[in-house]
>>> print(open('coords.pdb').read())   # PDB, C-alpha atoms and all ligand atoms
ATOM      1  CA  MET H   6       0.000   0.000   0.000
ATOM      2  CA  LYS H   7       1.802   3.126  -1.220
ATOM      3  CA  GLN H   8      -0.936   5.727  -0.963
ATOM      4  CA  ASN H   9      -3.614   6.761   1.470
ATOM      5  CA  LYS H  10      -6.772   4.753   1.046
ATOM      6  CA  SER H  11      -8.765   7.848   0.256
ATOM      7  CA  ASP H  12      -6.423   9.002  -2.535
ATOM      8  CA  TYR H  13      -8.235   7.064  -5.251
ATOM      9  CA  ALA H  14     -11.954   6.512  -5.599
ATOM     10  CA  ALA H  15     -13.653   3.435  -7.021
ATOM     11  CA  ILE H  16     -16.803   3.019  -9.082
ATOM     12  CA  ALA H  17     -18.901   0.028  -7.992
ATOM     13  CA  LEU H  18     -21.339  -1.928 -10.134
ATOM     14  CA  PHE H  19     -24.378  -1.901  -7.888
ATOM     15  CA  SER H  20     -27.379  -4.171  -8.513
ATOM     16  CA  GLY H  21     -28.989  -3.733  -5.115
ATOM     17  CA  GLY H  22     -28.341  -7.384  -4.194
ATOM     18  CA  LEU H  23     -26.469  -8.343  -1.058
ATOM     19  CA  ASP H  24     -23.123  -9.007  -2.746
ATOM     20  CA  SER H  25     -22.828  -5.645  -4.451
ATOM     21  CA  LEU H  26     -24.036  -3.978  -1.277
ATOM     22  CA  LEU H  27     -21.391  -5.803   0.767
ATOM     23  CA  ALA H  28     -18.636  -4.864  -1.679
ATOM     24  CA  VAL H  29     -19.537  -1.178  -1.431
ATOM     25  CA  LYS H  30     -20.051  -1.105   2.327
ATOM     26  CA  TRP H  31     -16.947  -3.190   3.025
ATOM     27  CA  MET H  32     -14.755  -0.919   0.935
ATOM     28  CA  GLN H  33     -16.274   2.196   2.470
ATOM     29  CA  LYS H  34     -15.791   0.823   5.962
ATOM     30  CA  SER H  35     -12.180  -0.001   5.086
ATOM     31  CA  GLY H  36     -11.617   3.662   4.249
ATOM     32  CA  TYR H  37     -12.041   3.834   0.470
ATOM     33  CA  LYS H  38     -14.215   6.254  -1.455
ATOM     34  CA  VAL H  39     -16.737   4.360  -3.565
ATOM     35  CA  TYR H  40     -19.368   5.576  -6.036
ATOM     36  CA  PRO H  41     -22.103   2.948  -6.441
ATOM     37  CA  VAL H  42     -23.627   3.019  -9.931
ATOM     38  CA  TYR H  43     -26.743   1.228 -11.135
ATOM     39  CA  PHE H  44     -26.909   0.560 -14.851
ATOM     40  CA  LEU H  45     -30.469   0.718 -16.090
ATOM     41  CA  THR H  46     -31.695  -1.771 -18.698
ATOM     42  CA  PRO H  47     -35.225  -2.888 -19.612
ATOM     43  CA  TYR H  48     -34.600  -6.287 -18.014
ATOM     44  CA  MET H  49     -33.910  -5.501 -14.368
ATOM     45  CA  PRO H  50     -36.360  -3.771 -12.036
ATOM     46  CA  ILE H  51     -34.646  -0.632 -10.762
ATOM     47  CA  GLU H  52     -36.864  -0.480  -7.642
ATOM     48  CA  ARG H  53     -34.801  -3.201  -5.979
ATOM     49  CA  ALA H  54     -31.586  -1.183  -6.344
ATOM     50  CA  LEU H  55     -33.170   2.114  -5.308
ATOM     51  CA  GLU H  56     -34.663   0.567  -2.199
ATOM     52  CA  SER H  57     -31.501  -1.255  -1.253
ATOM     53  CA  ALA H  58     -29.422   1.928  -1.688
ATOM     54  CA  ARG H  59     -31.891   3.996   0.300
ATOM     55  CA  ASP H  60     -32.129   1.451   3.132
ATOM     56  CA  ASN H  61     -28.359   1.385   3.422
ATOM     57  CA  GLY H  62     -27.576   5.060   3.104
ATOM     58  CA  LEU H  63     -25.896   4.921  -0.309
ATOM     59  CA  ASP H  64     -25.896   7.790  -2.796
ATOM     60  CA  LEU H  65     -26.735   5.820  -5.900
ATOM     61  CA  ILE H  66     -25.858   7.039  -9.383
ATOM     62  CA  VAL H  67     -28.163   5.688 -12.113
ATOM     63  CA  ARG H  68     -27.103   5.461 -15.750
ATOM     64  CA  ASP H  69     -29.328   4.230 -18.577
ATOM     65  CA  ILE H  70     -27.469   1.802 -20.849
ATOM     66  CA  THR H  71     -30.572   0.533 -22.682
ATOM     67  CA  ALA H  72     -29.340   1.586 -26.129
ATOM     68  CA  GLU H  73     -25.956  -0.100 -25.695
ATOM     69  CA  HIS H  74     -27.584  -3.185 -24.172
ATOM     70  CA  LEU H  75     -30.019  -3.547 -27.091
ATOM     71  CA  LYS H  76     -27.145  -3.308 -29.521
ATOM     72  CA  MET H  77     -25.206  -5.947 -27.619
ATOM     73  CA  MET H  78     -28.231  -8.287 -27.466
ATOM     74  CA  HIS H  79     -28.279  -8.468 -31.260
ATOM     75  CA  ASN H  80     -24.784  -9.793 -31.417
ATOM     76  CA  PRO H  81     -23.115 -10.762 -28.136
ATOM     77  CA  GLU H  82     -19.470 -11.803 -28.356
ATOM     78  CA  THR H  83     -20.050 -14.776 -26.046
ATOM     79  CA  SER H  84     -22.964 -17.165 -25.804
ATOM     80  CA  PHE H  85     -26.317 -16.776 -24.097
ATOM     81  CA  GLY H  86     -27.060 -18.588 -20.845
ATOM     82  CA  LYS H  87     -29.944 -20.997 -20.333
ATOM     83  CA  ASN H  88     -32.404 -18.401 -21.623
ATOM     84  CA  LEU H  89     -31.602 -15.144 -23.416
ATOM     85  CA  ASN H  90     -29.165 -13.922 -20.760
ATOM     86  CA  PRO H  91     -25.801 -12.924 -22.234
ATOM     87  CA  CYS H  92     -24.291 -12.602 -18.749
ATOM     88  CA  ILE H  93     -20.650 -12.301 -19.780
ATOM     89  CA  ASP H  94     -21.300  -9.619 -22.379
ATOM     90  CA  CYS H  95     -23.736  -7.911 -20.033
ATOM     91  CA  HIS H  96     -21.224  -7.746 -17.172
ATOM     92  CA  ALA H  97     -18.548  -6.594 -19.579
ATOM     93  CA  LEU H  98     -20.830  -3.834 -20.853
ATOM     94  CA  MET H  99     -21.468  -2.674 -17.294
ATOM     95  CA  PHE H 100     -17.759  -2.610 -16.464
ATOM     96  CA  ARG H 101     -17.077  -0.786 -19.742
ATOM     97  CA  SER H 102     -19.779   1.757 -18.969
ATOM     98  CA  ALA H 103     -18.377   2.210 -15.460
ATOM     99  CA  GLY H 104     -14.863   2.491 -16.883
ATOM    100  CA  ASN H 105     -16.060   5.233 -19.208
ATOM    101  CA  MET H 106     -17.189   7.178 -16.141
ATOM    102  CA  LEU H 107     -13.840   7.099 -14.327
ATOM    103  CA  GLU H 108     -12.688  10.486 -15.551
ATOM    104  CA  GLU H 109     -16.050  12.122 -14.932
ATOM    105  CA  LEU H 110     -16.104  10.969 -11.295
ATOM    106  CA  ASN H 111     -12.402  11.392 -10.795
ATOM    107  CA  ALA H 112     -12.198   7.727  -9.834
ATOM    108  CA  ARG H 113      -9.377   5.327 -10.551
ATOM    109  CA  TYR H 114     -10.661   1.757 -10.522
ATOM    110  CA  LEU H 115     -13.747  -0.464 -10.677
ATOM    111  CA  ILE H 116     -15.225  -2.897  -8.179
ATOM    112  CA  SER H 117     -18.071  -5.402  -8.114
ATOM    113  CA  GLY H 118     -19.607  -7.780  -5.584
ATOM    114  CA  GLU H 119     -18.909 -10.894  -7.630
ATOM    115  CA  VAL H 120     -17.934 -13.996  -5.699
ATOM    116  CA  ILE H 121     -15.938 -16.656  -7.441
ATOM    117  CA  GLY H 122     -17.887 -19.881  -7.997
ATOM    118  CA  GLN H 123     -21.197 -18.412  -6.957
ATOM    119  CA  ARG H 124     -23.010 -18.340 -10.291
ATOM    120  CA  PRO H 125     -22.598 -21.046 -12.920
ATOM    121  CA  MET H 126     -22.182 -18.787 -15.936
ATOM    122  CA  SER H 127     -20.633 -15.474 -15.057
ATOM    123  CA  GLN H 128     -18.729 -16.041 -11.837
ATOM    124  CA  ARG H 129     -16.249 -18.736 -12.776
ATOM    125  CA  SER H 130     -12.689 -17.447 -12.893
ATOM    126  CA  ASN H 131     -12.335 -17.833 -16.670
ATOM    127  CA  ALA H 132     -15.675 -16.063 -17.121
ATOM    128  CA  MET H 133     -14.418 -13.241 -14.912
ATOM    129  CA  ASN H 134     -11.326 -13.012 -17.109
ATOM    130  CA  GLN H 135     -13.496 -12.928 -20.222
ATOM    131  CA  VAL H 136     -15.624 -10.178 -18.694
ATOM    132  CA  GLY H 137     -12.508  -8.177 -17.863
ATOM    133  CA  ASN H 138     -11.044  -8.618 -21.337
ATOM    134  CA  LEU H 139     -14.282  -7.758 -23.116
ATOM    135  CA  SER H 140     -14.823  -4.678 -20.979
ATOM    136  CA  GLY H 141     -11.495  -3.170 -21.962
ATOM    137  CA  TYR H 142     -10.807  -2.353 -18.296
ATOM    138  CA  ARG H 143      -9.451  -5.687 -17.059
ATOM    139  CA  GLU H 144      -6.473  -4.206 -15.244
ATOM    140  CA  LEU H 145      -8.602  -1.733 -13.315
ATOM    141  CA  ILE H 146     -11.110  -4.230 -11.912
ATOM    142  CA  ILE H 147     -11.052  -5.717  -8.425
ATOM    143  CA  ARG H 148     -13.665  -7.912  -6.737
ATOM    144  CA  PRO H 149     -13.181  -7.178  -3.043
ATOM    145  CA  LEU H 150     -15.235 -10.134  -1.773
ATOM    146  CA  CYS H 151     -12.986 -12.689  -3.478
ATOM    147  CA  GLN H 152      -9.992 -10.713  -4.747
ATOM    148  CA  LYS H 153      -7.595 -12.676  -2.495
ATOM    149  CA  LEU H 154      -8.240 -15.662  -4.766
ATOM    150  CA  LEU H 155      -7.689 -13.721  -7.988
ATOM    151  CA  ARG H 156      -4.702 -12.324  -9.843
ATOM    152  CA  ASP H 157      -3.626  -8.839  -8.714
ATOM    153  CA  THR H 158      -4.632  -5.990 -10.970
ATOM    154  CA  ALA H 159      -3.462  -2.363 -10.933
ATOM    155  CA  PRO H 160      -5.362  -1.222  -7.817
ATOM    156  CA  LEU H 161      -3.351  -3.793  -5.812
ATOM    157  CA  SER H 162      -0.087  -3.845  -7.706
ATOM    158  CA  GLU H 163       0.036  -0.044  -7.781
ATOM    159  CA  GLY H 164      -0.840   0.157  -4.121
ATOM    160  CA  TRP H 165      -4.095   2.099  -4.435
ATOM    161  CA  VAL H 166      -5.772  -0.659  -2.415
ATOM    162  CA  ASP H 167      -4.344  -2.637   0.480
ATOM    163  CA  ALA H 168      -4.252  -6.410  -0.180
ATOM    164  CA  ALA H 169      -5.122  -6.948   3.490
ATOM    165  CA  ASP H 170      -8.550  -5.436   2.811
ATOM    166  CA  MET H 171      -9.397  -8.048   0.219
ATOM    167  CA  LEU H 172     -11.508 -11.100   1.123
ATOM    168  CA  ASP H 173     -11.590 -14.712  -0.055
ATOM    169  CA  PHE H 174     -15.282 -15.591  -0.358
ATOM    170  CA  HIS H 175     -16.048 -18.365  -2.810
ATOM    171  CA  GLY H 176     -18.730 -20.883  -3.759
ATOM    172  CA  ARG H 177     -22.471 -20.888  -3.563
ATOM    173  CA  GLY H 178     -22.872 -20.777   0.229
ATOM    174  CA  ARG H 179     -24.133 -17.526   1.733
ATOM    175  CA  THR H 180     -22.911 -17.911   5.334
ATOM    176  CA  ARG H 181     -19.921 -15.617   5.018
ATOM    177  CA  GLN H 182     -21.945 -12.969   3.216
ATOM    178  CA  LEU H 183     -24.561 -13.045   5.958
ATOM    179  CA  ASP H 184     -21.883 -12.842   8.662
ATOM    180  CA  LEU H 185     -20.295  -9.865   6.935
ATOM    181  CA  ALA H 186     -23.695  -8.201   6.537
ATOM    182  CA  SER H 187     -24.241  -8.504  10.239
ATOM    183  CA  GLU H 188     -20.719  -7.198  10.982
ATOM    184  CA  LEU H 189     -21.435  -4.182   8.754
ATOM    185  CA  GLY H 190     -24.844  -3.598  10.331
ATOM    186  CA  ILE H 191     -26.695  -4.385   7.104
ATOM    187  CA  THR H 192     -30.136  -5.641   8.008
ATOM    188  CA  ARG H 193     -32.188  -4.762   4.930
ATOM    189  CA  PHE H 194     -31.350  -6.225   1.563
ATOM    190  CA  PRO H 195     -33.383  -7.899  -1.215
ATOM    191  CA  PRO H 196     -33.704 -11.697  -1.577
ATOM    192  CA  PRO H 197     -31.014 -13.375  -3.721
ATOM    193  CA  ALA H 198     -33.060 -14.009  -6.878
ATOM    194  CA  GLY H 199     -32.066 -10.988  -8.920
ATOM    195  CA  GLY H 200     -35.164 -10.750 -11.051
ATOM    196  CA  CYS H 201     -33.356 -10.348 -14.378
ATOM    197  CA  LEU H 202     -36.087 -10.917 -16.952
ATOM    198  CA  LEU H 203     -33.585 -12.364 -19.403
ATOM    199  CA  THR H 204     -33.441 -15.465 -17.211
ATOM    200  CA  ASP H 205     -37.226 -15.970 -17.269
ATOM    201  CA  LYS H 206     -38.301 -18.519 -19.875
ATOM    202  CA  ASN H 207     -41.673 -16.963 -20.721
ATOM    203  CA  TYR H 208     -40.195 -13.473 -20.976
ATOM    204  CA  THR H 209     -37.470 -14.908 -23.172
ATOM    205  CA  LEU H 210     -40.056 -16.473 -25.466
ATOM    206  CA  ARG H 211     -41.747 -13.084 -25.860
ATOM    207  CA  LEU H 212     -38.380 -11.473 -26.438
ATOM    208  CA  ARG H 213     -37.488 -13.989 -29.142
ATOM    209  CA  ASP H 214     -40.789 -13.150 -30.808
ATOM    210  CA  LEU H 215     -39.879  -9.443 -30.788
ATOM    211  CA  ILE H 216     -36.441 -10.164 -32.186
ATOM    212  CA  SER H 217     -37.825 -12.344 -34.978
ATOM    213  CA  HIS H 218     -40.273  -9.579 -35.904
ATOM    214  CA  GLN H 219     -37.562  -6.913 -35.710
ATOM    215  CA  GLN H 220     -39.435  -4.983 -33.058
ATOM    216  CA  MET H 221     -36.712  -4.719 -30.424
ATOM    217  CA  ASP H 222     -37.141  -1.118 -29.385
ATOM    218  CA  LYS H 223     -37.565   0.599 -26.036
ATOM    219  CA  GLU H 224     -41.382   0.841 -26.227
ATOM    220  CA  ASN H 225     -41.923  -2.788 -27.168
ATOM    221  CA  LEU H 226     -39.487  -3.900 -24.467
ATOM    222  CA  GLU H 227     -41.369  -1.879 -21.885
ATOM    223  CA  LEU H 228     -44.629  -3.553 -22.923
ATOM    224  CA  LEU H 229     -43.000  -6.960 -22.745
ATOM    225  CA  LYS H 230     -42.991  -6.740 -18.952
ATOM    226  CA  TYR H 231     -46.757  -6.720 -18.623
ATOM    227  CA  GLY H 232     -49.665  -8.995 -19.417
ATOM    228  CA  ARG H 233     -50.375 -11.954 -21.653
ATOM    229  CA  HIS H 234     -49.054 -11.474 -25.193
ATOM    230  CA  PHE H 235     -50.656 -12.723 -28.402
ATOM    231  CA  ARG H 236     -48.977 -12.455 -31.799
ATOM    232  CA  LEU H 237     -51.717 -11.657 -34.334
ATOM    233  CA  THR H 238     -49.772 -10.473 -37.401
ATOM    234  CA  ASP H 239     -46.169  -9.584 -38.192
ATOM    235  CA  THR H 240     -46.830  -6.053 -37.008
ATOM    236  CA  THR H 241     -49.581  -6.494 -34.440
ATOM    237  CA  LYS H 242     -49.814  -7.937 -30.959
ATOM    238  CA  LEU H 243     -52.581  -8.050 -28.415
ATOM    239  CA  ILE H 244     -51.588  -7.623 -24.764
ATOM    240  CA  ILE H 245     -54.052  -8.360 -21.956
ATOM    241  CA  GLY H 246     -53.412  -7.302 -18.353
ATOM    242  CA  ARG H 247     -53.271 -10.092 -15.767
ATOM    243  CA  ASP H 248     -54.202  -8.055 -12.720
ATOM    244  CA  GLU H 249     -55.068  -4.574 -11.592
ATOM    245  CA  LYS H 250     -51.449  -3.508 -11.365
ATOM    246  CA  GLU H 251     -50.749  -4.586 -14.930
ATOM    247  CA  ASN H 252     -53.940  -2.903 -16.166
ATOM    248  CA  GLY H 253     -52.677   0.286 -14.535
ATOM    249  CA  SER H 254     -49.306  -0.069 -16.258
ATOM    250  CA  LEU H 255     -50.928  -0.698 -19.639
ATOM    251  CA  GLU H 256     -53.182   2.314 -19.202
ATOM    252  CA  ARG H 257     -50.194   4.439 -18.226
ATOM    253  CA  ILE H 258     -48.257   3.528 -21.363
ATOM    254  CA  CYS H 259     -51.195   3.255 -23.774
ATOM    255  CA  GLN H 260     -50.476   6.507 -25.614
ATOM    256  CA  GLY H 261     -50.116   5.803 -29.313
ATOM    257  CA  TYR H 262     -51.670   2.342 -28.941
ATOM    258  CA  THR H 263     -55.223   1.058 -29.219
ATOM    259  CA  LEU H 264     -56.855   0.305 -25.898
ATOM    260  CA  LEU H 265     -59.603  -2.322 -25.426
ATOM    261  CA  LYS H 266     -62.110  -2.185 -22.570
ATOM    262  CA  ALA H 267     -65.189  -4.298 -21.954
ATOM    263  CA  LYS H 268     -68.317  -2.195 -21.718
ATOM    264  CA  ASP H 269     -70.337  -2.851 -18.547
ATOM    265  CA  GLN H 270     -67.957  -5.590 -17.349
ATOM    266  CA  ILE H 271     -65.195  -5.610 -14.803
ATOM    267  CA  GLY H 272     -62.103  -7.190 -16.274
ATOM    268  CA  PRO H 273     -58.684  -6.686 -17.796
ATOM    269  CA  LEU H 274     -57.541  -4.013 -20.215
ATOM    270  CA  GLY H 275     -56.255  -4.935 -23.628
ATOM    271  CA  LEU H 276     -53.728  -3.135 -25.751
ATOM    272  CA  LEU H 277     -53.119  -3.528 -29.467
ATOM    273  CA  THR H 278     -49.742  -2.631 -30.867
ATOM    274  CA  GLY H 279     -49.433  -1.779 -34.556
ATOM    275  CA  GLU H 280     -52.345  -1.195 -36.894
ATOM    276  CA  LEU H 281     -54.990  -3.858 -37.227
ATOM    277  CA  THR H 282     -56.451  -3.173 -40.662
ATOM    278  CA  ASP H 283     -57.619  -6.727 -41.405
ATOM    279  CA  PRO H 284     -61.223  -7.053 -40.082
ATOM    280  CA  LEU H 285     -60.749 -10.787 -39.510
ATOM    281  CA  MET H 286     -57.741 -10.153 -37.306
ATOM    282  CA  LEU H 287     -59.558  -7.438 -35.421
ATOM    283  CA  ASP H 288     -62.404  -9.878 -34.850
ATOM    284  CA  LEU H 289     -59.919 -12.430 -33.546
ATOM    285  CA  ALA H 290     -58.347  -9.871 -31.194
ATOM    286  CA  LEU H 291     -61.777  -9.012 -29.804
ATOM    287  CA  LYS H 292     -62.642 -12.669 -29.320
ATOM    288  CA  ILE H 293     -59.407 -13.371 -27.464
ATOM    289  CA  PHE H 294     -59.874 -10.266 -25.334
ATOM    290  CA  TRP H 295     -63.481 -11.111 -24.443
ATOM    291  CA  THR H 296     -62.525 -14.666 -23.478
ATOM    292  CA  TYR H 297     -60.397 -13.239 -20.633
ATOM    293  CA  HIS H 298     -63.582 -12.003 -18.961
ATOM    294  CA  PRO H 299     -64.594 -15.231 -17.225
ATOM    295  CA  LYS H 300     -67.661 -13.762 -15.534
ATOM    296  CA  ALA H 301     -68.993 -12.092 -18.688
ATOM    297  CA  PRO H 302     -71.689 -13.689 -20.883
ATOM    298  CA  GLN H 303     -70.742 -15.528 -24.090
ATOM    299  CA  SER H 304     -70.698 -12.274 -26.046
ATOM    300  CA  GLY H 305     -70.686  -8.566 -25.223
ATOM    301  CA  THR H 306     -69.596  -5.067 -26.147
ATOM    302  CA  ILE H 307     -65.971  -3.959 -26.281
ATOM    303  CA  ILE H 308     -64.898  -0.333 -26.527
ATOM    304  CA  ILE H 309     -61.920   0.326 -28.752
ATOM    305  CA  GLN H 310     -60.210   3.556 -27.780
ATOM    306  CA  GLN H 311     -57.753   5.260 -30.135
ATOM    307  CA  GLY H 312     -56.767   8.601 -28.686
ATOM    308  CA  LYS H 313     -60.046  10.402 -28.087
ATOM    309  CA  LYS H 314     -61.975   8.274 -30.579
ATOM    310  CA  ALA H 315     -64.010   5.401 -29.101
ATOM    311  CA  THR H 316     -65.791   2.753 -31.185
ATOM    312  CA  GLU H 317     -67.934  -0.150 -30.000
ATOM    313  CA  TYR H 318     -67.593  -3.701 -31.307
ATOM    314  CA  ASN H 319     -68.932  -7.081 -30.373
ATOM    315  CA  GLY H 320     -66.730  -9.780 -28.859
ATOM    316  CA  GLN H 321     -67.439 -13.490 -28.417
ATOM    317  CA  LYS H 322     -65.719 -16.097 -26.317
ATOM    318  CA  VAL H 323     -63.527 -18.722 -27.953
ATOM    319  CA  GLY H 324     -62.053 -22.027 -26.774
ATOM    320  CA  PRO H 325     -58.601 -22.570 -25.215
ATOM    321  CA  GLU H 326     -57.128 -24.101 -28.368
ATOM    322  CA  LEU H 327     -57.472 -20.850 -30.280
ATOM    323  CA  LEU H 328     -55.920 -18.891 -27.403
ATOM    324  CA  LYS H 329     -53.005 -21.300 -27.320
ATOM    325  CA  GLN H 330     -52.437 -20.890 -31.035
ATOM    326  CA  TYR H 331     -51.753 -17.154 -30.692
ATOM    327  CA  ARG H 332     -50.431 -16.804 -27.163
ATOM    328  CA  ILE H 333     -46.679 -16.350 -26.749
ATOM    329  CA  SER H 334     -46.174 -18.491 -23.670
ATOM    330  CA  TYR H 335     -45.057 -21.934 -22.557
ATOM    331  CA  ASP H 336     -48.018 -22.206 -20.158
TER
HETATM  332  S1  LIG B 401     -28.522 -11.999 -15.092
HETATM  333 FE1  LIG B 401     -29.277 -10.420 -16.535
HETATM  334  S2  LIG B 401     -28.518  -8.452 -15.708
HETATM  335 FE2  LIG B 401     -27.353 -10.102 -14.732
HETATM  336  S3  LIG B 401     -25.521 -10.307 -16.014
HETATM  337 FE3  LIG B 401     -27.003 -11.811 -16.746
HETATM  338  S4  LIG B 401     -28.046 -10.754 -18.380
HETATM  339 FE4  LIG B 401     -27.027  -9.159 -17.207
END
>>> encode(input="coords.pdb", output="structure tokens")
Amino acid sequence: MKQNKSDYAAIALFSGGLDSLLAVKWMQKSGYKVYPVYFLTPYMPIERALESARDNGLDLIVRDITAEHLKMMHNPETSFGKNLNPCIDCHALMFRSAGNMLEELNARYLISGEVIGQRPMSQRSNAMNQVGNLSGYRELIIRPLCQKLLRDTAPLSEGWVDAADMLDFHGRGRTRQLDLASELGITRFPPPAGGCLLTDKNYTLRLRDLISHQQMDKENLELLKYGRHFRLTDTTKLIIGRDEKENGSLERICQGYTLLKAKDQIGPLGLLTGELTDPLMLDLALKIFWTYHPKAPQSGTIIIQQGKKATEYNGQKVGPELLKQYRISYD
């Protein structure tokens, strides 16, 4: 250790999960200045990170990397995981984005809460090396929770960070993390499942559908989070809310889309993306929509709202086979 600990600041990749929280708090407690940064993408709920930062007194910086992430998803350098999760490329992108902020924040190196051997795809040592190489910042990265088990990089070899402050956590067990949390006085943190939608098989199916129809943009990705999805034509989908919360979300983002509501019936909202000019397809959309009103009679009136214009149509229930034919879901 050649310098004072506070001479050089670090930027931390912060997801809100316990490991990234521990890495930040441990480094701060050891005397280092750390800027936690959350990288926003359409696949991870930001609420988890905001809450975790707030509960633990962290000043969180949020950066939107959606555009870069979308670009990467089209052509990742490494393979996808079990679903459509390109974890190595994704981690590399986050480190690269953090690295690109070093000058702005007057920071010198990058940290994360990764623990060697904890996750099958992205936290093996060769995967960590790949992440470092792909990011372009390999020599500036340290992983304080397991750095003792890894090769030294500049923060250690240059003496910006004291090797004695590095830990040797490894494997899938959580005991040492929980002990450290208690030592650091951390009592509130989210459950381990990170909630990345790219690891969810039904979400992934809907995402593959978007990709194959070349509709991977921010709006369509936002819609992908809510409701049951039905592919009607190459350009049109029907989305039906599954509960009140989802109906609220669909209503909130319905601008520019066609909204479906049952007249005189309590039930879900529907949203049509694209233009449905084929009357047969419109009829099908109405039938599917009406079928998701279990307490409604066999047929009834549906209001189609486009901006301020509202038109009434008739909808009739159909059988499960027809729903299955159009629904984008494994269920
Ligand atoms: S789980 Fe999702 S957010 Fe996490 S690295 Fe993989 S793709 Fe990225």
>>> atom_distance(input="coords.pdb", atom1="atom CA of H:Leu27", atom2="atom CA of H:Phe85")
27.6 Å
>>> closest_atom_pairs(input="coords.pdb", of="stretch 94-149 of chain H", to="stretch 17-23 of chain H", cutoff="12 Å", atoms="all atoms listed in the file", output="JSON lines")
{"residue": "H:Cys95", "atom": "CA", "partner": "H:Leu18", "partner_atom": "CA", "distance": 11.8}
{"residue": "H:His96", "atom": "CA", "partner": "H:Leu18", "partner_atom": "CA", "distance": 9.1}
{"residue": "H:Ala97", "atom": "CA", "partner": "H:Leu18", "partner_atom": "CA", "distance": 10.9}
{"residue": "H:Leu98", "atom": "CA", "partner": "H:Leu18", "partner_atom": "CA", "distance": 10.9}
{"residue": "H:Met99", "atom": "CA", "partner": "H:Leu18", "partner_atom": "CA", "distance": 7.2}
{"residue": "H:Phe100", "atom": "CA", "partner": "H:Leu18", "partner_atom": "CA", "distance": 7.3}
{"residue": "H:Arg101", "atom": "CA", "partner": "H:Leu18", "partner_atom": "CA", "distance": 10.6}
{"residue": "H:Ser102", "atom": "CA", "partner": "H:Leu18", "partner_atom": "CA", "distance": 9.7}
{"residue": "H:Ala103", "atom": "CA", "partner": "H:Leu18", "partner_atom": "CA", "distance": 7.4}
{"residue": "H:Gly104", "atom": "CA", "partner": "H:Ala17", "partner_atom": "CA", "distance": 10.1}
{"residue": "H:Met106", "atom": "CA", "partner": "H:Ala17", "partner_atom": "CA", "distance": 11.0}
{"residue": "H:Leu107", "atom": "CA", "partner": "H:Ala17", "partner_atom": "CA", "distance": 10.8}
{"residue": "H:Leu110", "atom": "CA", "partner": "H:Ala17", "partner_atom": "CA", "distance": 11.8}
{"residue": "H:Ala112", "atom": "CA", "partner": "H:Ala17", "partner_atom": "CA", "distance": 10.4}
{"residue": "H:Arg113", "atom": "CA", "partner": "H:Ala17", "partner_atom": "CA", "distance": 11.2}
{"residue": "H:Tyr114", "atom": "CA", "partner": "H:Ala17", "partner_atom": "CA", "distance": 8.8}
{"residue": "H:Leu115", "atom": "CA", "partner": "H:Ala17", "partner_atom": "CA", "distance": 5.8}
{"residue": "H:Ile116", "atom": "CA", "partner": "H:Ala17", "partner_atom": "CA", "distance": 4.7}
{"residue": "H:Ser117", "atom": "CA", "partner": "H:Leu18", "partner_atom": "CA", "distance": 5.2}
{"residue": "H:Gly118", "atom": "CA", "partner": "H:Leu18", "partner_atom": "CA", "distance": 7.6}
{"residue": "H:Glu119", "atom": "CA", "partner": "H:Leu18", "partner_atom": "CA", "distance": 9.6}
{"residue": "H:Val120", "atom": "CA", "partner": "H:Leu23", "partner_atom": "CA", "distance": 11.2}
{"residue": "H:Leu145", "atom": "CA", "partner": "H:Ala17", "partner_atom": "CA", "distance": 11.7}
{"residue": "H:Ile146", "atom": "CA", "partner": "H:Ala17", "partner_atom": "CA", "distance": 9.7}
{"residue": "H:Ile147", "atom": "CA", "partner": "H:Ala17", "partner_atom": "CA", "distance": 9.7}
{"residue": "H:Arg148", "atom": "CA", "partner": "H:Ala17", "partner_atom": "CA", "distance": 9.6}
{"residue": "H:Pro149", "atom": "CA", "partner": "H:Ala17", "partner_atom": "CA", "distance": 10.4}
>>> closest_residue(input="coords.pdb", among="H:Pro47, H:Tyr318, H:Gly141, H:Arg156", to="H:Ala168", atoms="only C-alpha atoms")
H:Arg156
>>> closest_atom_pairs(input="coords.pdb", of="chain H", to="ligand LIG 401 (chain B)", cutoff="10 Å", atoms="only C-alpha atoms and all ligand atoms", output="CSV")
residue,atom,partner,partner_atom,distance
H:Ser20,CA,B:LIG401,S2,8.4
H:Phe44,CA,B:LIG401,S2,9.2
H:Leu45,CA,B:LIG401,S2,9.4
H:Thr46,CA,B:LIG401,S2,8.0
H:Pro47,CA,B:LIG401,S2,9.5
H:Tyr48,CA,B:LIG401,S2,6.9
H:Met49,CA,B:LIG401,S2,6.3
H:Pro50,CA,B:LIG401,S2,9.8
H:His74,CA,B:LIG401,FE4,9.2
H:Met78,CA,B:LIG401,S4,9.4
H:Phe85,CA,B:LIG401,S4,8.5
H:Gly86,CA,B:LIG401,FE3,7.9
H:Asn88,CA,B:LIG401,S4,9.4
H:Leu89,CA,B:LIG401,S4,7.6
H:Asn90,CA,B:LIG401,S4,4.1
H:Pro91,CA,B:LIG401,S4,5.0
H:Cys92,CA,B:LIG401,FE3,3.5
H:Ile93,CA,B:LIG401,S3,6.5
H:Asp94,CA,B:LIG401,S3,7.7
H:Cys95,CA,B:LIG401,FE4,4.5
H:His96,CA,B:LIG401,S3,5.1
H:Ala97,CA,B:LIG401,S3,8.7
H:Leu98,CA,B:LIG401,FE4,8.9
H:Met99,CA,B:LIG401,FE4,8.5
H:Arg124,CA,B:LIG401,S1,9.7
H:Met126,CA,B:LIG401,FE3,8.5
H:Ser127,CA,B:LIG401,S3,7.2
H:Gln128,CA,B:LIG401,S3,9.8
H:Ala198,CA,B:LIG401,S1,9.6
H:Gly199,CA,B:LIG401,S1,7.2
H:Gly200,CA,B:LIG401,S1,7.9
H:Cys201,CA,B:LIG401,FE1,4.6
H:Leu202,CA,B:LIG401,FE1,6.8
H:Leu203,CA,B:LIG401,FE1,5.5
H:Thr204,CA,B:LIG401,S1,6.4
H:Asp205,CA,B:LIG401,FE1,9.7
